[in-house]
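K.L.:
One structure coming up, written as structure tokens, with questions to follow.
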Amino acid sequence: MRRQIITGLRFLVLMIILTGVLYPGLITVITSIFFPSEAQGSLVERNGVIIGSKLIGQNFDSQKYFWSRPSFNNYNPLPSGASNLGILNPLLTKKVIQREKDFLQANKMKEDLNIPPEMVTASASGLDPHISPTAALLQVSRVAQARGMDKAGQDKLINLVNDLTEKRQFSLLGEPRINVFLLNLKTDSLK
């Protein structure tokens, strides 16, 4: 019995060293070499100040910015997660209907327009920085008007949305998408 306990403790120590120290250390070194930006969180700096990450959505509620998809936890990465409200839950239905009304009203659209689902539902993590190009294009008119842009400015925004649209990964995984954080950064730089 004593021999089995000692063998078990040795194995435990070995596994702690392998899986708790060596493996994470090796992965950290490999990612730092081959993917330095991603290993550091894909942080974005402006004038030497970190203003966000390409991987985490942010709350843009100003009319001058493209809006991200809703977040249950207000884009806080520490308690990331969904609301866990089931599809038949009346509270979820109420939130979706309200978000739909808010989106239609803010963008001055007809009530019978189908809104892309990502504009009324949160992602599973609550941190998704992407929306569909369709959702971004539906917001162009509002953003242009809030920024005092004319028709040429609106066309620049449309071109920006098209230029920043990410294609399907490996031409088959996922859907075309646009990172709202990067889109808003580029929108700020438009003249």
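Just remember, in the structure tokens the first chain shown is A, the second B, etc., residues are 1-based per chain, and ligands are 1-based in the order shown.
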Give the strand (DSSP E) residues of chain A, as assigned by DSSP on the backbone, as a tab-separated table (two decimals) with C-alpha atoms, in the first residue's frame.
P.N.:
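Writing done, so here's result.tsv:
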```
chain	number	residue	atom	x	y	z
A	43	LEU	CA	-3.51	44.56	-28.79
A	44	VAL	CA	-3.99	47.76	-30.77
A	45	GLU	CA	-2.10	50.91	-29.85
A	46	ARG	CA	-2.75	54.49	-30.80
A	49	VAL	CA	-1.62	53.86	-25.62
A	50	ILE	CA	-3.38	50.48	-25.81
A	51	ILE	CA	-6.93	51.16	-26.94
A	52	GLY	CA	-8.23	47.63	-27.38
A	53	SER	CA	-7.75	44.18	-28.81
A	130	HIS	CA	-17.36	40.59	-35.65
A	131	ILE	CA	-20.59	41.30	-37.48
A	178	ILE	CA	-15.99	42.34	-40.39
A	179	ASN	CA	-14.22	43.33	-37.19
```
K.L.:
Between A:Arg3, A:Lys64, A:Lys54, A:Arg10, single out the one closest to Ala146 (chain A), counting only C-alpha atoms.
P.N.:
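Going through A:Arg3, A:Lys64, A:Lys54, A:Arg10 one by one, the smallest distance to Ala146 (chain A) is for A:Lys64.
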K.L.:
Can you tell me which residues surround region 157-166 of chain A at a distance of at most 7 Å, considering only C-alpha atoms, apart from same-chain residues fewer than 5 positions away, and format the answer as a VMD selection string?
P.N.:
chain A and resid 133 136 to 137 140 176 to 178 183
K.L.:
Interatomic distance between CA of Met119 (chain A) and CA of Ser37 (chain A)?
P.N.:
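CA of Ser37 (chain A) lies at a distance of 28.6 Å from CA of Met119 (chain A).
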K.L.:
Can you pull out every residue from region 45-147 of chain A that DSSP, working from the backbone, puts in alpha helix (DSSP H), and format the result as a PyMOL selection string?
P.N.:
chain A and resi 90-106+133-146
K.L.:
Let me see the file: selected residues, N, CA and C atoms, as a PDB file, in the first residue's frame.
P.N.:
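What landed in part.pdb:
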```
ATOM      1  N   PRO A  90     -39.181  34.071 -22.198  1.00  0.00           N
ATOM      2  CA  PRO A  90     -39.811  35.335 -22.573  1.00  0.00           C
ATOM      3  C   PRO A  90     -38.900  36.545 -22.383  1.00  0.00           C
ATOM      4  N   LEU A  91     -37.971  36.477 -21.440  1.00  0.00           N
ATOM      5  CA  LEU A  91     -37.039  37.579 -21.231  1.00  0.00           C
ATOM      6  C   LEU A  91     -36.116  37.747 -22.446  1.00  0.00           C
ATOM      7  N   LEU A  92     -35.644  36.631 -22.997  1.00  0.00           N
ATOM      8  CA  LEU A  92     -34.805  36.699 -24.198  1.00  0.00           C
ATOM      9  C   LEU A  92     -35.608  37.271 -25.367  1.00  0.00           C
ATOM     10  N   THR A  93     -36.825  36.801 -25.534  1.00  0.00           N
ATOM     11  CA  THR A  93     -37.684  37.308 -26.614  1.00  0.00           C
ATOM     12  C   THR A  93     -37.896  38.809 -26.476  1.00  0.00           C
ATOM     13  N   LYS A  94     -38.141  39.259 -25.267  1.00  0.00           N
ATOM     14  CA  LYS A  94     -38.353  40.682 -25.000  1.00  0.00           C
ATOM     15  C   LYS A  94     -37.097  41.495 -25.343  1.00  0.00           C
ATOM     16  N   LYS A  95     -35.925  40.982 -24.956  1.00  0.00           N
ATOM     17  CA  LYS A  95     -34.667  41.686 -25.260  1.00  0.00           C
ATOM     18  C   LYS A  95     -34.422  41.761 -26.760  1.00  0.00           C
ATOM     19  N   VAL A  96     -34.653  40.667 -27.459  1.00  0.00           N
ATOM     20  CA  VAL A  96     -34.432  40.642 -28.913  1.00  0.00           C
ATOM     21  C   VAL A  96     -35.362  41.619 -29.608  1.00  0.00           C
ATOM     22  N   ILE A  97     -36.629  41.649 -29.211  1.00  0.00           N
ATOM     23  CA  ILE A  97     -37.595  42.579 -29.817  1.00  0.00           C
ATOM     24  C   ILE A  97     -37.185  44.021 -29.552  1.00  0.00           C
ATOM     25  N   GLN A  98     -36.735  44.318 -28.338  1.00  0.00           N
ATOM     26  CA  GLN A  98     -36.309  45.681 -28.011  1.00  0.00           C
ATOM     27  C   GLN A  98     -35.056  46.072 -28.803  1.00  0.00           C
ATOM     28  N   ARG A  99     -34.106  45.159 -28.912  1.00  0.00           N
ATOM     29  CA  ARG A  99     -32.891  45.448 -29.689  1.00  0.00           C
ATOM     30  C   ARG A  99     -33.230  45.687 -31.160  1.00  0.00           C
ATOM     31  N   GLU A 100     -34.179  44.914 -31.659  1.00  0.00           N
ATOM     32  CA  GLU A 100     -34.606  45.083 -33.045  1.00  0.00           C
ATOM     33  C   GLU A 100     -35.224  46.466 -33.253  1.00  0.00           C
ATOM     34  N   LYS A 101     -36.097  46.874 -32.351  1.00  0.00           N
ATOM     35  CA  LYS A 101     -36.724  48.198 -32.444  1.00  0.00           C
ATOM     36  C   LYS A 101     -35.671  49.304 -32.362  1.00  0.00           C
ATOM     37  N   ASP A 102     -34.734  49.157 -31.422  1.00  0.00           N
ATOM     38  CA  ASP A 102     -33.676  50.159 -31.260  1.00  0.00           C
ATOM     39  C   ASP A 102     -32.825  50.278 -32.515  1.00  0.00           C
ATOM     40  N   PHE A 103     -32.473  49.139 -33.100  1.00  0.00           N
ATOM     41  CA  PHE A 103     -31.645  49.144 -34.304  1.00  0.00           C
ATOM     42  C   PHE A 103     -32.374  49.791 -35.469  1.00  0.00           C
ATOM     43  N   LEU A 104     -33.623  49.411 -35.659  1.00  0.00           N
ATOM     44  CA  LEU A 104     -34.415  49.982 -36.755  1.00  0.00           C
ATOM     45  C   LEU A 104     -34.591  51.489 -36.580  1.00  0.00           C
ATOM     46  N   GLN A 105     -34.886  51.911 -35.365  1.00  0.00           N
ATOM     47  CA  GLN A 105     -35.105  53.329 -35.100  1.00  0.00           C
ATOM     48  C   GLN A 105     -33.808  54.125 -35.279  1.00  0.00           C
ATOM     49  N   ALA A 106     -32.715  53.643 -34.731  1.00  0.00           N
ATOM     50  CA  ALA A 106     -31.439  54.366 -34.822  1.00  0.00           C
ATOM     51  C   ALA A 106     -30.969  54.502 -36.259  1.00  0.00           C
ATOM     52  N   PRO A 133     -20.982  41.639 -43.016  1.00  0.00           N
ATOM     53  CA  PRO A 133     -20.920  42.840 -43.851  1.00  0.00           C
ATOM     54  C   PRO A 133     -22.303  43.465 -44.056  1.00  0.00           C
ATOM     55  N   THR A 134     -23.339  42.645 -44.116  1.00  0.00           N
ATOM     56  CA  THR A 134     -24.702  43.171 -44.267  1.00  0.00           C
ATOM     57  C   THR A 134     -25.071  44.050 -43.082  1.00  0.00           C
ATOM     58  N   ALA A 135     -24.749  43.601 -41.873  1.00  0.00           N
ATOM     59  CA  ALA A 135     -25.053  44.391 -40.673  1.00  0.00           C
ATOM     60  C   ALA A 135     -24.288  45.704 -40.679  1.00  0.00           C
ATOM     61  N   ALA A 136     -23.057  45.678 -41.164  1.00  0.00           N
ATOM     62  CA  ALA A 136     -22.267  46.917 -41.235  1.00  0.00           C
ATOM     63  C   ALA A 136     -22.844  47.854 -42.293  1.00  0.00           C
ATOM     64  N   LEU A 137     -23.214  47.329 -43.436  1.00  0.00           N
ATOM     65  CA  LEU A 137     -23.749  48.175 -44.514  1.00  0.00           C
ATOM     66  C   LEU A 137     -25.083  48.815 -44.113  1.00  0.00           C
ATOM     67  N   LEU A 138     -25.869  48.129 -43.294  1.00  0.00           N
ATOM     68  CA  LEU A 138     -27.123  48.716 -42.824  1.00  0.00           C
ATOM     69  C   LEU A 138     -26.888  49.935 -41.934  1.00  0.00           C
ATOM     70  N   GLN A 139     -25.696  50.057 -41.382  1.00  0.00           N
ATOM     71  CA  GLN A 139     -25.382  51.160 -40.472  1.00  0.00           C
ATOM     72  C   GLN A 139     -24.662  52.325 -41.153  1.00  0.00           C
ATOM     73  N   VAL A 140     -24.280  52.153 -42.414  1.00  0.00           N
ATOM     74  CA  VAL A 140     -23.490  53.172 -43.118  1.00  0.00           C
ATOM     75  C   VAL A 140     -24.188  54.532 -43.142  1.00  0.00           C
ATOM     76  N   SER A 141     -25.447  54.554 -43.458  1.00  0.00           N
ATOM     77  CA  SER A 141     -26.176  55.818 -43.566  1.00  0.00           C
ATOM     78  C   SER A 141     -26.173  56.573 -42.237  1.00  0.00           C
ATOM     79  N   ARG A 142     -26.425  55.864 -41.137  1.00  0.00           N
ATOM     80  CA  ARG A 142     -26.439  56.493 -39.810  1.00  0.00           C
ATOM     81  C   ARG A 142     -25.068  57.057 -39.446  1.00  0.00           C
ATOM     82  N   VAL A 143     -24.027  56.270 -39.675  1.00  0.00           N
ATOM     83  CA  VAL A 143     -22.665  56.698 -39.339  1.00  0.00           C
ATOM     84  C   VAL A 143     -22.276  57.912 -40.178  1.00  0.00           C
ATOM     85  N   ALA A 144     -22.577  57.866 -41.463  1.00  0.00           N
ATOM     86  CA  ALA A 144     -22.237  58.982 -42.351  1.00  0.00           C
ATOM     87  C   ALA A 144     -22.974  60.251 -41.929  1.00  0.00           C
ATOM     88  N   GLN A 145     -24.236  60.132 -41.620  1.00  0.00           N
ATOM     89  CA  GLN A 145     -25.021  61.303 -41.206  1.00  0.00           C
ATOM     90  C   GLN A 145     -24.491  61.874 -39.889  1.00  0.00           C
ATOM     91  N   ALA A 146     -24.171  61.012 -38.933  1.00  0.00           N
ATOM     92  CA  ALA A 146     -23.671  61.475 -37.635  1.00  0.00           C
ATOM     93  C   ALA A 146     -22.311  62.156 -37.766  1.00  0.00           C
TER      94      ALA A 146
END
```
K.L.:
For a quick check of understanding, using only C-alpha atoms, which of A:Ile5, A:Leu55, A:Ala82, A:Ile33 has the smallest distance to Thr121 (chain A)?
P.N.:
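Closest candidate: A:Ala82.
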K.L.:
Skipping near chain neighbours, those fewer than 3 positions away, what residues fall within 9 Å of region 70-72 of chain A using only C-alpha atoms, listed as a PyMOL selection string?
P.N.:
chain A and resi 57-59+67+75-76+80-83+99+118-123+125-128
